[in-house]
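Structure file model_5.txt (compact mmCIF, C-alpha atoms and all ligand atoms) is printed below.
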```
# COMPACT_ATOMS: atom_id res chain seq x y z
CA MET E 1334 -16.01 23.94 -47.67
CA SER E 1335 -17.53 20.47 -47.48
CA GLY E 1336 -16.18 18.09 -44.84
CA LEU E 1337 -14.66 14.73 -45.66
CA ASP E 1338 -16.94 11.72 -45.75
CA GLY E 1339 -15.66 9.77 -42.71
CA ARG E 1340 -17.06 6.50 -44.05
CA THR E 1341 -14.44 6.57 -46.79
CA PHE E 1342 -11.65 6.59 -44.22
CA ILE E 1343 -12.81 4.80 -41.09
CA SER E 1344 -11.70 1.17 -41.00
CA GLN E 1345 -14.01 -1.84 -40.94
CA ARG E 1346 -12.26 -2.72 -37.69
CA SER E 1347 -13.27 0.51 -36.03
CA ARG E 1348 -16.76 0.31 -37.46
CA SER E 1349 -17.17 -3.19 -36.04
CA VAL E 1350 -17.68 -1.72 -32.56
CA ASP E 1351 -20.25 0.84 -31.52
CA ALA E 1352 -20.20 3.43 -28.80
CA SER E 1353 -23.93 3.78 -28.33
CA GLY E 1354 -24.60 1.75 -25.18
CA ILE E 1355 -23.81 4.12 -22.37
CA ARG E 1356 -24.08 7.35 -24.32
CA LYS E 1357 -27.86 7.51 -24.12
CA VAL E 1358 -27.71 7.40 -20.31
CA PHE E 1359 -25.19 10.21 -20.18
CA ASP E 1360 -27.11 12.29 -22.75
CA LEU E 1361 -30.21 12.05 -20.57
CA ALA E 1362 -28.15 12.74 -17.45
CA ALA E 1363 -26.51 15.83 -18.94
CA ARG E 1364 -29.87 17.63 -18.62
CA LEU E 1365 -29.98 17.13 -14.84
CA SER E 1366 -28.57 19.80 -12.53
CA ASP E 1367 -27.62 17.70 -9.48
CA PRO E 1368 -28.23 14.01 -10.23
CA ILE E 1369 -27.76 11.23 -7.68
CA ASN E 1370 -25.00 9.55 -9.58
CA LEU E 1371 -24.86 5.83 -8.83
CA SER E 1372 -23.29 4.93 -12.16
CA ILE E 1373 -19.65 5.59 -11.32
CA GLY E 1374 -17.04 2.91 -11.99
CA GLN E 1375 -14.36 4.18 -9.65
CA PRO E 1376 -13.94 4.57 -5.88
CA ASP E 1377 -15.09 7.79 -4.23
CA TYR E 1378 -12.08 7.94 -1.88
CA PRO E 1379 -8.83 9.82 -2.59
CA VAL E 1380 -5.43 8.38 -3.48
CA PRO E 1381 -3.54 7.64 -0.20
CA GLU E 1382 -1.20 10.51 0.79
CA SER E 1383 1.91 8.29 0.67
CA VAL E 1384 1.06 7.36 -2.93
CA LYS E 1385 0.49 10.97 -3.99
CA ARG E 1386 3.80 11.86 -2.35
CA ALA E 1387 5.68 9.09 -4.16
CA ALA E 1388 4.34 10.31 -7.53
CA ALA E 1389 5.19 13.93 -6.73
CA GLU E 1390 8.69 12.97 -5.55
CA ALA E 1391 9.33 10.95 -8.72
CA ILE E 1392 8.34 13.95 -10.83
CA ALA E 1393 10.48 16.34 -8.71
CA ALA E 1394 13.46 13.98 -8.94
CA ASP E 1395 13.22 14.12 -12.75
CA ARG E 1396 12.18 10.51 -13.16
CA ASN E 1397 10.00 11.57 -16.05
CA GLY E 1398 11.47 9.76 -19.01
CA TYR E 1399 10.48 6.46 -20.55
CA THR E 1400 10.99 3.52 -18.27
CA VAL E 1401 12.04 0.13 -19.58
CA THR E 1402 9.16 -1.41 -21.55
CA GLN E 1403 8.35 -4.06 -18.95
CA GLY E 1404 8.24 -1.59 -16.06
CA ILE E 1405 10.71 -0.43 -13.40
CA GLU E 1406 12.59 -3.27 -11.77
CA PRO E 1407 11.74 -2.60 -8.11
CA LEU E 1408 8.02 -2.62 -8.92
CA ARG E 1409 8.22 -5.77 -11.01
CA GLU E 1410 10.33 -7.55 -8.40
CA ARG E 1411 7.95 -6.60 -5.62
CA LEU E 1412 4.89 -7.72 -7.63
CA ALA E 1413 6.57 -11.02 -8.56
CA ALA E 1414 7.50 -11.63 -4.90
CA ASP E 1415 3.95 -10.87 -3.74
CA ILE E 1416 2.50 -13.22 -6.37
CA ARG E 1417 4.95 -15.95 -5.36
CA ALA E 1418 3.93 -15.57 -1.72
CA GLU E 1419 0.22 -15.62 -2.61
CA CYS E 1420 0.09 -18.30 -5.30
CA GLY E 1421 3.25 -20.32 -4.82
CA HIS E 1422 4.55 -19.72 -8.37
CA ALA E 1423 7.45 -17.58 -9.63
CA LEU E 1424 6.16 -15.82 -12.73
CA PRO E 1425 7.37 -12.96 -14.91
CA VAL E 1426 5.51 -9.64 -14.60
CA LEU E 1427 4.78 -6.91 -17.14
CA VAL E 1428 3.69 -3.48 -15.88
CA THR E 1429 0.86 -2.23 -18.12
CA SER E 1430 -1.03 0.98 -18.85
CA GLY E 1431 -4.00 0.05 -16.73
CA VAL E 1432 -5.67 -3.33 -16.91
CA SER E 1433 -7.21 -2.18 -20.21
CA GLY E 1434 -3.67 -2.02 -21.61
CA GLY E 1435 -3.04 -5.58 -20.43
CA ILE E 1436 -6.30 -6.81 -21.98
CA LEU E 1437 -5.45 -5.32 -25.36
CA LEU E 1438 -1.88 -6.65 -25.37
CA ALA E 1439 -3.04 -10.12 -24.37
CA LEU E 1440 -5.69 -10.24 -27.08
CA MET E 1441 -3.27 -8.95 -29.71
CA ALA E 1442 -0.71 -11.54 -28.66
CA LEU E 1443 -3.14 -14.47 -28.66
CA LEU E 1444 -5.86 -14.04 -31.27
CA ASP E 1445 -5.84 -14.69 -34.98
CA PRO E 1446 -8.83 -13.58 -37.07
CA GLY E 1447 -11.83 -15.76 -36.26
CA ASP E 1448 -10.42 -17.13 -32.98
CA GLU E 1449 -13.13 -17.38 -30.36
CA VAL E 1450 -13.12 -16.03 -26.82
CA LEU E 1451 -15.56 -17.23 -24.17
CA LEU E 1452 -16.98 -14.34 -22.14
CA GLY E 1453 -19.46 -14.73 -19.30
CA ASP E 1454 -22.53 -12.57 -19.93
CA PRO E 1455 -22.85 -10.00 -18.32
CA TYR E 1456 -19.30 -8.93 -19.13
CA PHE E 1457 -17.04 -5.92 -18.62
CA VAL E 1458 -17.65 -3.92 -21.80
CA ILE E 1459 -14.07 -3.62 -22.98
CA TYR E 1460 -13.68 -7.41 -23.42
CA LYS E 1461 -16.27 -7.76 -26.14
CA HIS E 1462 -15.14 -4.75 -28.12
CA ALA E 1463 -11.42 -5.39 -27.72
CA VAL E 1464 -11.86 -8.98 -28.95
CA ARG E 1465 -13.65 -7.64 -32.04
CA LEU E 1466 -11.01 -4.95 -32.61
CA VAL E 1467 -8.26 -7.51 -32.90
CA GLY E 1468 -10.35 -9.67 -35.25
CA GLY E 1469 -11.50 -12.27 -32.73
CA ARG E 1470 -15.04 -13.47 -32.07
CA PRO E 1471 -16.59 -12.96 -28.65
CA VAL E 1472 -18.76 -15.96 -27.67
CA LEU E 1473 -21.09 -15.03 -24.84
CA VAL E 1474 -21.99 -17.54 -22.16
CA ASP E 1475 -25.11 -16.65 -20.18
CA THR E 1476 -24.44 -16.64 -16.41
CA TYR E 1477 -27.86 -15.44 -15.17
CA PRO E 1478 -29.26 -15.52 -12.53
CA THR E 1479 -26.39 -16.30 -10.11
CA PHE E 1480 -23.49 -14.93 -12.23
CA GLY E 1481 -21.28 -17.78 -10.99
CA PHE E 1482 -19.10 -20.13 -13.06
CA ASP E 1483 -21.09 -23.07 -14.45
CA ALA E 1484 -18.53 -25.19 -16.32
CA ALA E 1485 -21.23 -27.01 -18.35
CA ARG E 1486 -22.48 -23.76 -19.87
CA TYR E 1487 -18.98 -22.75 -20.90
CA GLU E 1488 -18.17 -26.24 -22.15
CA ALA E 1489 -21.24 -26.18 -24.41
CA ALA E 1490 -19.87 -23.04 -26.10
CA VAL E 1491 -16.39 -24.46 -26.86
CA THR E 1492 -15.56 -25.04 -30.54
CA PRO E 1493 -12.29 -25.93 -32.30
CA ARG E 1494 -11.74 -22.15 -32.70
CA THR E 1495 -11.96 -21.40 -28.97
CA LYS E 1496 -8.62 -20.12 -27.70
CA LEU E 1497 -9.34 -18.09 -24.61
CA LEU E 1498 -11.63 -18.04 -21.59
CA VAL E 1499 -11.99 -14.68 -19.83
CA LEU E 1500 -13.15 -14.38 -16.23
CA ALA E 1501 -13.38 -11.36 -13.96
CA THR E 1502 -13.38 -11.91 -10.20
CA PRO E 1503 -14.79 -9.85 -8.51
CA SER E 1504 -16.88 -9.05 -11.55
CA ASN E 1505 -17.97 -5.82 -13.12
CA PRO E 1506 -21.00 -5.42 -13.35
CA THR E 1507 -22.13 -8.05 -10.79
CA GLY E 1508 -19.54 -7.88 -7.98
CA VAL E 1509 -19.59 -11.69 -7.78
CA VAL E 1510 -16.36 -13.29 -6.50
CA LEU E 1511 -15.52 -16.75 -7.86
CA ASP E 1512 -14.58 -19.25 -5.17
CA ASP E 1513 -11.72 -21.73 -5.35
CA ARG E 1514 -13.97 -24.52 -6.63
CA ALA E 1515 -15.16 -22.38 -9.53
CA LEU E 1516 -11.60 -21.40 -10.37
CA GLN E 1517 -10.49 -25.03 -10.23
CA ALA E 1518 -13.36 -25.96 -12.58
CA ALA E 1519 -12.34 -23.16 -14.95
CA ALA E 1520 -8.73 -24.35 -14.91
CA GLU E 1521 -9.84 -27.93 -15.65
CA LEU E 1522 -12.02 -26.75 -18.54
CA ALA E 1523 -9.07 -24.77 -19.94
CA GLU E 1524 -6.91 -27.87 -19.57
CA ARG E 1525 -9.45 -30.16 -21.30
CA HIS E 1526 -9.78 -27.86 -24.30
CA ASN E 1527 -6.26 -26.42 -24.38
CA LEU E 1528 -7.38 -22.83 -23.69
CA ILE E 1529 -5.65 -19.87 -22.13
CA LEU E 1530 -7.43 -18.58 -19.04
CA LEU E 1531 -7.35 -14.80 -18.72
CA VAL E 1532 -8.39 -13.74 -15.24
CA ASP E 1533 -9.06 -10.09 -14.51
CA GLU E 1534 -8.69 -9.45 -10.78
CA ILE E 1535 -8.71 -5.65 -10.84
CA TYR E 1536 -11.07 -5.56 -7.82
CA ASN E 1537 -9.17 -8.24 -5.85
CA ARG E 1538 -8.44 -5.94 -2.86
CA LEU E 1539 -12.08 -4.80 -2.64
CA VAL E 1540 -13.60 -7.98 -1.17
CA TYR E 1541 -15.81 -8.15 1.89
CA ASP E 1542 -16.42 -11.71 3.04
CA ALA E 1543 -13.09 -13.48 2.52
CA PRO E 1544 -9.85 -12.86 0.63
CA CYS E 1545 -10.26 -13.09 -3.16
CA PRO E 1546 -9.10 -16.58 -4.23
CA ALA E 1547 -6.30 -16.24 -6.79
CA ALA E 1548 -6.94 -18.02 -10.08
CA LEU E 1549 -3.19 -18.40 -10.72
CA ARG E 1550 -2.93 -21.16 -8.15
CA HIS E 1551 -4.71 -23.69 -10.32
CA ALA E 1552 -3.15 -23.68 -13.79
CA PRO E 1553 -0.26 -21.17 -13.78
CA HIS E 1554 1.14 -22.53 -17.05
CA ARG E 1555 -1.99 -21.43 -18.95
CA THR E 1556 -3.35 -18.58 -16.81
CA LEU E 1557 -2.77 -14.89 -17.45
CA LEU E 1558 -3.45 -12.78 -14.38
CA LEU E 1559 -4.34 -9.10 -14.86
CA ARG E 1560 -4.50 -6.78 -11.89
CA GLY E 1561 -4.54 -3.04 -11.43
CA PHE E 1562 -4.00 -0.17 -9.06
CA GLY E 1563 -6.79 2.13 -10.25
CA LYS E 1564 -9.70 0.72 -8.28
CA SER E 1565 -7.91 -0.22 -5.04
CA TYR E 1566 -6.10 3.10 -4.59
CA GLY E 1567 -8.49 5.51 -6.31
CA MET E 1568 -5.95 6.22 -9.07
CA THR E 1569 -7.88 5.16 -12.18
CA GLY E 1570 -6.54 8.15 -14.14
CA TRP E 1571 -2.92 7.17 -13.51
CA ARG E 1572 -3.23 4.14 -15.78
CA LEU E 1573 -1.36 1.44 -13.93
CA GLY E 1574 -1.84 -2.31 -14.02
CA TYR E 1575 0.19 -5.48 -14.41
CA ALA E 1576 0.12 -8.88 -16.04
CA ALA E 1577 1.68 -12.09 -14.72
CA GLY E 1578 1.66 -15.48 -16.36
CA PRO E 1579 3.52 -17.91 -18.61
CA ALA E 1580 6.83 -16.51 -19.86
CA PHE E 1581 5.97 -17.06 -23.55
CA LEU E 1582 2.93 -14.82 -23.23
CA ILE E 1583 4.48 -12.11 -21.04
CA GLU E 1584 7.41 -11.91 -23.49
CA GLU E 1585 5.06 -11.49 -26.43
CA MET E 1586 3.00 -8.86 -24.65
CA THR E 1587 6.19 -6.99 -23.72
CA LYS E 1588 7.22 -6.99 -27.38
CA LEU E 1589 3.84 -5.55 -28.37
CA GLN E 1590 3.94 -2.96 -25.57
CA GLN E 1591 7.15 -1.65 -27.15
CA TYR E 1592 5.22 -0.71 -30.29
CA THR E 1593 2.00 0.49 -28.67
CA PHE E 1594 1.93 1.87 -25.11
CA VAL E 1595 5.79 1.97 -24.89
CA CYS E 1596 5.64 1.88 -21.07
CA ALA E 1597 3.21 2.60 -18.26
CA PRO E 1598 3.33 6.23 -16.99
CA SER E 1599 6.63 6.65 -15.13
CA MET E 1600 5.45 8.55 -12.03
CA ALA E 1601 2.57 6.11 -11.63
CA GLN E 1602 5.04 3.22 -11.51
CA TYR E 1603 6.97 4.82 -8.63
CA ALA E 1604 3.67 5.60 -6.94
CA GLY E 1605 2.57 2.00 -7.49
CA LEU E 1606 5.48 0.78 -5.41
CA ALA E 1607 4.31 2.99 -2.53
CA ALA E 1608 0.69 1.89 -3.06
CA LEU E 1609 1.60 -1.72 -2.33
CA ASP E 1610 2.43 -0.64 1.24
CA ALA E 1611 -0.58 1.68 1.66
CA ASP E 1612 -3.26 0.60 4.09
CA ILE E 1613 -6.70 0.70 2.47
CA SER E 1614 -8.41 -1.48 5.08
CA GLY E 1615 -10.53 1.48 6.29
CA HIS E 1616 -11.92 1.96 2.79
CA VAL E 1617 -12.56 -1.76 2.40
CA GLU E 1618 -14.45 -1.74 5.70
CA ASP E 1619 -16.44 1.29 4.54
CA TYR E 1620 -17.40 -0.38 1.24
CA ARG E 1621 -18.38 -3.57 3.09
CA ARG E 1622 -20.78 -1.44 5.12
CA LYS E 1623 -22.10 0.28 1.96
CA ARG E 1624 -22.57 -3.11 0.30
CA ASP E 1625 -24.67 -4.24 3.27
CA LEU E 1626 -26.57 -0.94 3.38
CA VAL E 1627 -27.56 -1.03 -0.29
CA TYR E 1628 -28.52 -4.69 -0.07
CA GLU E 1629 -30.77 -3.90 2.89
CA LEU E 1630 -32.31 -0.92 1.08
CA LEU E 1631 -33.02 -2.68 -2.24
CA SER E 1632 -33.45 -6.39 -1.64
CA ASP E 1633 -37.15 -6.28 -0.65
CA ASP E 1634 -38.04 -4.67 -3.97
CA PHE E 1635 -35.53 -6.21 -6.36
CA GLU E 1636 -34.34 -9.72 -7.11
CA MET E 1637 -30.60 -9.44 -6.58
CA VAL E 1638 -27.42 -11.36 -5.78
CA ARG E 1639 -25.49 -10.17 -2.71
CA PRO E 1640 -21.97 -10.03 -4.12
CA GLY E 1641 -18.68 -10.40 -2.25
CA GLY E 1642 -16.61 -7.68 -3.91
CA GLY E 1643 -16.17 -4.67 -6.18
CA PHE E 1644 -18.67 -1.86 -5.62
CA TYR E 1645 -21.60 -2.88 -7.80
CA PHE E 1646 -24.93 -4.63 -7.57
CA PHE E 1647 -26.72 -5.95 -10.64
CA PRO E 1648 -30.41 -6.18 -9.62
CA LYS E 1649 -33.23 -7.40 -11.84
CA VAL E 1650 -35.76 -4.84 -12.99
CA PRO E 1651 -39.35 -5.71 -11.98
CA ASP E 1652 -41.28 -7.51 -14.75
CA ARG E 1653 -43.80 -4.71 -15.23
CA PHE E 1654 -41.11 -2.67 -17.03
CA SER E 1655 -40.71 -3.47 -20.72
CA SER E 1656 -36.92 -3.41 -20.38
CA ALA E 1657 -34.12 -2.33 -18.07
CA THR E 1658 -33.54 0.62 -20.40
CA ALA E 1659 -37.16 1.74 -19.83
CA PHE E 1660 -36.62 1.44 -16.07
CA VAL E 1661 -33.35 3.39 -16.21
CA GLU E 1662 -34.94 6.16 -18.28
CA GLN E 1663 -37.57 6.58 -15.58
CA ALA E 1664 -34.92 6.51 -12.84
CA ILE E 1665 -33.00 9.23 -14.66
CA ALA E 1666 -36.20 11.27 -15.00
CA ARG E 1667 -36.24 11.14 -11.17
CA SER E 1668 -32.56 12.20 -11.09
CA VAL E 1669 -30.99 8.81 -10.25
CA LEU E 1670 -28.25 7.64 -12.60
CA VAL E 1671 -27.79 3.90 -12.96
CA ILE E 1672 -26.76 1.88 -16.03
CA PRO E 1673 -29.03 -0.47 -17.98
CA GLY E 1674 -27.84 -4.07 -18.17
CA SER E 1675 -27.89 -3.98 -21.97
CA VAL E 1676 -24.58 -2.09 -21.80
CA PHE E 1677 -22.97 -5.23 -20.31
CA SER E 1678 -25.16 -7.96 -21.69
CA GLU E 1679 -27.28 -9.38 -24.47
CA ARG E 1680 -30.16 -9.12 -22.01
CA ASP E 1681 -31.89 -5.88 -21.07
CA THR E 1682 -33.38 -7.06 -17.79
CA HIS E 1683 -31.04 -5.82 -15.04
CA PHE E 1684 -29.29 -2.60 -14.08
CA ARG E 1685 -25.93 -1.76 -12.51
CA ILE E 1686 -25.81 0.38 -9.42
CA SER E 1687 -22.47 1.51 -7.99
CA TYR E 1688 -22.20 2.10 -4.24
CA ALA E 1689 -18.98 4.10 -4.55
CA ALA E 1690 -20.96 7.12 -3.34
CA PRO E 1691 -21.75 8.94 -0.07
CA ASP E 1692 -24.30 7.24 2.22
CA ASP E 1693 -26.91 10.02 1.99
CA ARG E 1694 -26.90 9.73 -1.81
CA LEU E 1695 -27.16 5.95 -1.60
CA ARG E 1696 -30.14 6.22 0.75
CA ARG E 1697 -31.94 8.80 -1.40
CA GLY E 1698 -31.15 7.03 -4.65
CA CYS E 1699 -32.27 3.62 -3.34
CA ALA E 1700 -35.52 5.11 -1.97
CA ILE E 1701 -36.32 6.51 -5.42
CA LEU E 1702 -35.48 3.19 -7.14
CA CYS E 1703 -37.76 1.33 -4.69
CA ASP E 1704 -40.60 3.80 -5.33
CA LEU E 1705 -40.17 3.20 -9.03
CA ALA E 1706 -40.23 -0.59 -8.53
CA ARG E 1707 -43.43 -0.32 -6.47
CA GLY E 1708 -45.09 1.98 -9.01
CA VAL E 1709 -45.21 4.90 -6.54
C1 LIG J 1801 -13.35 -5.72 -14.68
C2 LIG J 1801 -12.55 -4.54 -15.13
N1 LIG J 1801 -11.38 -4.74 -15.77
C3 LIG J 1801 -10.64 -3.73 -16.20
C4 LIG J 1801 -11.03 -2.42 -16.03
C5 LIG J 1801 -10.17 -1.31 -16.59
O1 LIG J 1801 -9.18 -1.03 -15.69
P1 LIG J 1801 -8.07 0.10 -15.96
O2 LIG J 1801 -8.69 1.41 -15.60
O3 LIG J 1801 -6.94 -0.29 -15.05
O4 LIG J 1801 -7.72 0.02 -17.38
C6 LIG J 1801 -12.23 -2.14 -15.36
C7 LIG J 1801 -12.68 -0.75 -15.19
O5 LIG J 1801 -13.84 -0.48 -14.98
C8 LIG J 1801 -13.01 -3.23 -14.90
O6 LIG J 1801 -14.18 -3.04 -14.28
```
The structure given in the file should be rewritten as C-alpha cells.
Ligand SMILES: Cc1ncc(COP(=O)(O)O)c(C=O)c1O
Amino acid sequence: MSGLDGRTFISQRSRSVDASGIRKVFDLAARLSDPINLSIGQPDYPVPESVKRAAAEAIAADRNGYTVTQGIEPLRERLAADIRAECGHALPVLVTSGVSGGILLALMALLDPGDEVLLGDPYFVIYKHAVRLVGGRPVLVDTYPTFGFDAARYEAAVTPRTKLLVLATPSNPTGVVLDDRALQAAAELAERHNLILLVDEIYNRLVYDAPCPAALRHAPHRTLLLRGFGKSYGMTGWRLGYAAGPAFLIEEMTKLQQYTFVCAPSMAQYAGLAALDADISGHVEDYRRKRDLVYELLSDDFEMVRPGGGFYFFPKVPDRFSSATAFVEQAIARSVLVIPGSVFSERDTHFRISYAAPDDRLRRGCAILCDLARGV
C-alpha cells in the first residue's frame, strides 16, 4: 500500500517553519555513548520537595479536572500581589501552559498577517517560528557583540507594520540581563512608535549580580510580562507560566486559551502556589559559582560576554573555524555537546554552552573546548 503524499496535506503555515536547526546536533550526538552534555536548556536540580508534595496532594485530593481558563484564583491573586509589590502596578494575570503557551497566545491575539515583530538576534528559537506560524513577519535586529539593547538599532528596523518588540531578560542564548536604563529605552521606543513590548522574564529568579530589573515598571499600559516556573523550580515538564499586562490583552489571551490550551495543568497550578514560597537561593548560589567557573575556564580562549543570569554563555568561535557549526561538529566528535549559534541567529559564529551540569563535566567539557580552540 502506498503512503499518502504529505505535501498534499501539510499547510503552508506549517511548511513555513523548519525543524532542521538543532536536529543535526542531536543526530550526531545520538552516536555517542556517554557525551558531556552541555546543551541542556533546563536546570540540573530537582523540583523542591514542598512543590512535589503540593502536586501530589492536589492529585490525591481529586483536584484533577479542568480549572477555570485563567487559572486558579489563589495562584492568580498571589501572582498579582507579588507583581504589585515588585512593580507598583495592579495588573490582571493569566496562568498559561508554560511561557511558550503565553508567547503563542500573545502572538495570536496581536498579529495580523504581515505585521512585523522586532526580535533581537540571537533570539530564543520559538519567537521566530511562532511569529511565522501566526502569519507575522519576524524582523531581526543584530545585537552582537554585547547582546545588550541598543535603541538605535531597533529604531532603524521599525516600519509602519511594526506592532511588537520582544525582549528576553535574562536572555536565552546569551544570559544577558537588561538593566533599568535599557528597559526604559525600550519602553520609550515602544511609546514613540506605538508598539507593544513583550518581555520574557522566564529566567528572572536565576540572576547572579543583582535582582533582575522588571520591565513592567516602565510602560505597564503597553508591556506584556511573561514569566514561568519551569526554569526556576526545575519543573519544565509541568508546563506552567503566567502573563500579566494590560487588561485588553490579557482578556483576549484568556479568550484564546479557552479554545486552545483550555487551562494550564491543574496539579501544576497547585504546585505553583507552593513554588512561590520555596527557597531556591542555594541553587542560585550554585549557578553563580558555575557561571564564574565556566567564565574562568573559557575566557582566555574565547571572546565572550560574562552574563548576569540564566545558565548559558554564548562565546565566539575562533576565526580559524569556517563556522560555528564546523566547530560544534568537532566538539561533538570529542564527545562535548554544545549548540551552534545558527540555531538562534542569522550568524553562525558563536555557540551556546549551558552550565546546568555537574562541575566535573563542566571542567572536562571546557578543557576539550579550549583544546579545540587552540588547535590541540
Ligand atoms: C527565553 C525562553 N522563553 C521561554 C521558554 C519556554 O518556556 P516554557 O518551558 O515555560 O514554555 C524558554 C525555554 O527554553 C526560554 O529559554
Select from chain E every residue with an atom at most 9 Å from any atom of ligand LIG 1801 (chain J), then for each give the shortest pair of atoms and their distance in Å to one decimal, using only C-alpha atoms and all ligand atoms, rows by chain and rising number, as CSV.
```
residue,atom,partner,partner_atom,distance
E:Gly1374,CA,J:LIG1801,O5,5.5
E:Gln1375,CA,J:LIG1801,O5,7.1
E:Thr1429,CA,J:LIG1801,O3,8.6
E:Ser1430,CA,J:LIG1801,O4,6.9
E:Gly1431,CA,J:LIG1801,O3,3.4
E:Val1432,CA,J:LIG1801,O3,3.8
E:Ser1433,CA,J:LIG1801,O4,3.6
E:Gly1434,CA,J:LIG1801,O4,6.2
E:Gly1435,CA,J:LIG1801,O4,7.9
E:Ile1436,CA,J:LIG1801,C3,7.9
E:Tyr1456,CA,J:LIG1801,C1,8.1
E:Phe1457,CA,J:LIG1801,C1,5.4
E:Val1458,CA,J:LIG1801,O6,8.3
E:Ile1459,CA,J:LIG1801,C3,7.6
E:Tyr1460,CA,J:LIG1801,N1,8.4
E:Leu1500,CA,J:LIG1801,C1,8.8
E:Ala1501,CA,J:LIG1801,C1,5.7
E:Thr1502,CA,J:LIG1801,C1,7.6
E:Pro1503,CA,J:LIG1801,C1,7.6
E:Ser1504,CA,J:LIG1801,C1,5.8
E:Asn1505,CA,J:LIG1801,O6,4.8
E:Pro1506,CA,J:LIG1801,O6,7.3
E:Asp1533,CA,J:LIG1801,N1,6.0
E:Glu1534,CA,J:LIG1801,C1,7.1
E:Ile1535,CA,J:LIG1801,N1,5.7
E:Tyr1536,CA,J:LIG1801,C1,7.2
E:Leu1559,CA,J:LIG1801,N1,8.3
E:Arg1560,CA,J:LIG1801,O3,7.6
E:Gly1561,CA,J:LIG1801,O3,5.1
E:Phe1562,CA,J:LIG1801,O3,6.7
E:Gly1563,CA,J:LIG1801,O3,5.4
E:Lys1564,CA,J:LIG1801,O3,7.4
E:Met1568,CA,J:LIG1801,O2,8.6
E:Thr1569,CA,J:LIG1801,O2,5.1
E:Gly1570,CA,J:LIG1801,O2,7.2
E:Trp1571,CA,J:LIG1801,O2,8.4
E:Arg1572,CA,J:LIG1801,O3,5.8
E:Leu1573,CA,J:LIG1801,O3,5.9
E:Gly1574,CA,J:LIG1801,O3,5.6
E:Tyr1575,CA,J:LIG1801,O3,8.8
E:Gly1643,CA,J:LIG1801,O6,8.5
```
Expressed in Å to a single decimal, how great is the separation between atom CA of Gly1708 of chain E and atom CA of Ile1369 of chain E? 19.7 Å
Between atom CA of Gly1481 of chain E and atom CA of Tyr1620 of chain E, what is the spacing in Å?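 A separation of 21.6 Å between them.
By only C-alpha atoms, and with residues fewer than 4 positions from Arg1653 of chain E along its chain excluded, the set lying at most 12 Å from it is Lys1649, Ala1657, Ala1659, Phe1660, Thr1682, Leu1705, Ala1706, Arg1707 and Gly1708 of chain E.
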Give as a PyMOL selection string each residue that has an atom at most 8 Å from (-25.1, -11.2, -5.9) in the file, counting all atoms listed in the file. chain E and resi 1479-1480+1507-1509+1637-1641+1646-1647
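Taking atom CA of Ala1439 of chain E and atom CA of Ala1576 of chain E as the two end points, the separation is 9.0 Å.
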Within 12 Å of (5.7, 3.4, -20.1) (coordinates as in the file), grab all the protein and nucleic acid residues, counting all atoms listed in the file, and write them out as a count of residues only. 36
Which residues are close to Pro1579 of chain E, i.e. within 9 Å by all atoms listed in the file, leaving aside same-chain residues fewer than 2 positions away? Reply as JSON, numbers by chain. {"E": [1424, 1425, 1553, 1554, 1555, 1556, 1557, 1577, 1581, 1582, 1583, 1584]}
Requested write-out: C-alpha atoms of the selected residues, as an mmCIF file, in the frame of the given file:
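What landed in out_23.cif:
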```cif
data_model
loop_
_atom_site.group_PDB
_atom_site.id
_atom_site.type_symbol
_atom_site.label_atom_id
_atom_site.label_comp_id
_atom_site.auth_asym_id
_atom_site.auth_seq_id
_atom_site.Cartn_x
_atom_site.Cartn_y
_atom_site.Cartn_z
ATOM 1 C CA LEU E 1424 6.160 -15.820 -12.730
ATOM 2 C CA PRO E 1425 7.370 -12.960 -14.910
ATOM 3 C CA PRO E 1553 -0.260 -21.170 -13.780
ATOM 4 C CA HIS E 1554 1.140 -22.530 -17.050
ATOM 5 C CA ARG E 1555 -1.990 -21.430 -18.950
ATOM 6 C CA THR E 1556 -3.350 -18.580 -16.810
ATOM 7 C CA LEU E 1557 -2.770 -14.890 -17.450
ATOM 8 C CA ALA E 1577 1.680 -12.090 -14.720
ATOM 9 C CA PHE E 1581 5.970 -17.060 -23.550
ATOM 10 C CA LEU E 1582 2.930 -14.820 -23.230
ATOM 11 C CA ILE E 1583 4.480 -12.110 -21.040
ATOM 12 C CA GLU E 1584 7.410 -11.910 -23.490
#
```
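With distances restricted to all atoms listed in the file, E:Ala1690 is the closest residue to Asp1619 of chain E from E:Ile1672, E:Ala1413, E:Leu1497, E:Ala1690.
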Residue with smallest distance to Asp1610 of chain E - pool E:Leu1444, E:Arg1348, E:Tyr1566, E:Glu1521, counting all atoms listed in the file: E:Tyr1566
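The residue that comes closest to Ala1608 of chain E, out of E:Arg1386, E:Arg1340, E:Arg1667, E:Lys1357 and on the basis of only C-alpha atoms, is E:Arg1386.
Distances to Ala1552 of chain E were evaluated for E:Leu1452, E:Glu1679, E:Arg1694, E:Cys1420 using only C-alpha atoms, and the minimum falls at E:Cys1420.
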Can you complete the atoms of segment 1524-1530 of chain E to N, CA and C atoms and list them as a CSV table (one decimal), keeping the file's coordinate frame?
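Dumped everything to part22.csv:
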```csv
chain,number,residue,atom,x,y,z
E,1524,GLU,N,-7.8,-26.8,-19.3
E,1524,GLU,CA,-6.9,-27.9,-19.6
E,1524,GLU,C,-7.5,-28.9,-20.6
E,1525,ARG,N,-8.8,-29.2,-20.4
E,1525,ARG,CA,-9.4,-30.2,-21.3
E,1525,ARG,C,-9.5,-29.7,-22.7
E,1526,HIS,N,-9.6,-28.4,-22.9
E,1526,HIS,CA,-9.8,-27.9,-24.3
E,1526,HIS,C,-8.6,-27.0,-24.8
E,1527,ASN,N,-7.5,-27.1,-24.0
E,1527,ASN,CA,-6.3,-26.4,-24.4
E,1527,ASN,C,-6.5,-24.9,-24.6
E,1528,LEU,N,-7.1,-24.3,-23.6
E,1528,LEU,CA,-7.4,-22.8,-23.7
E,1528,LEU,C,-6.4,-22.1,-22.8
E,1529,ILE,N,-6.3,-20.8,-23.1
E,1529,ILE,CA,-5.6,-19.9,-22.1
E,1529,ILE,C,-6.8,-19.3,-21.3
E,1530,LEU,N,-6.5,-19.2,-20.0
E,1530,LEU,CA,-7.4,-18.6,-19.0
E,1530,LEU,C,-6.9,-17.2,-18.7
```
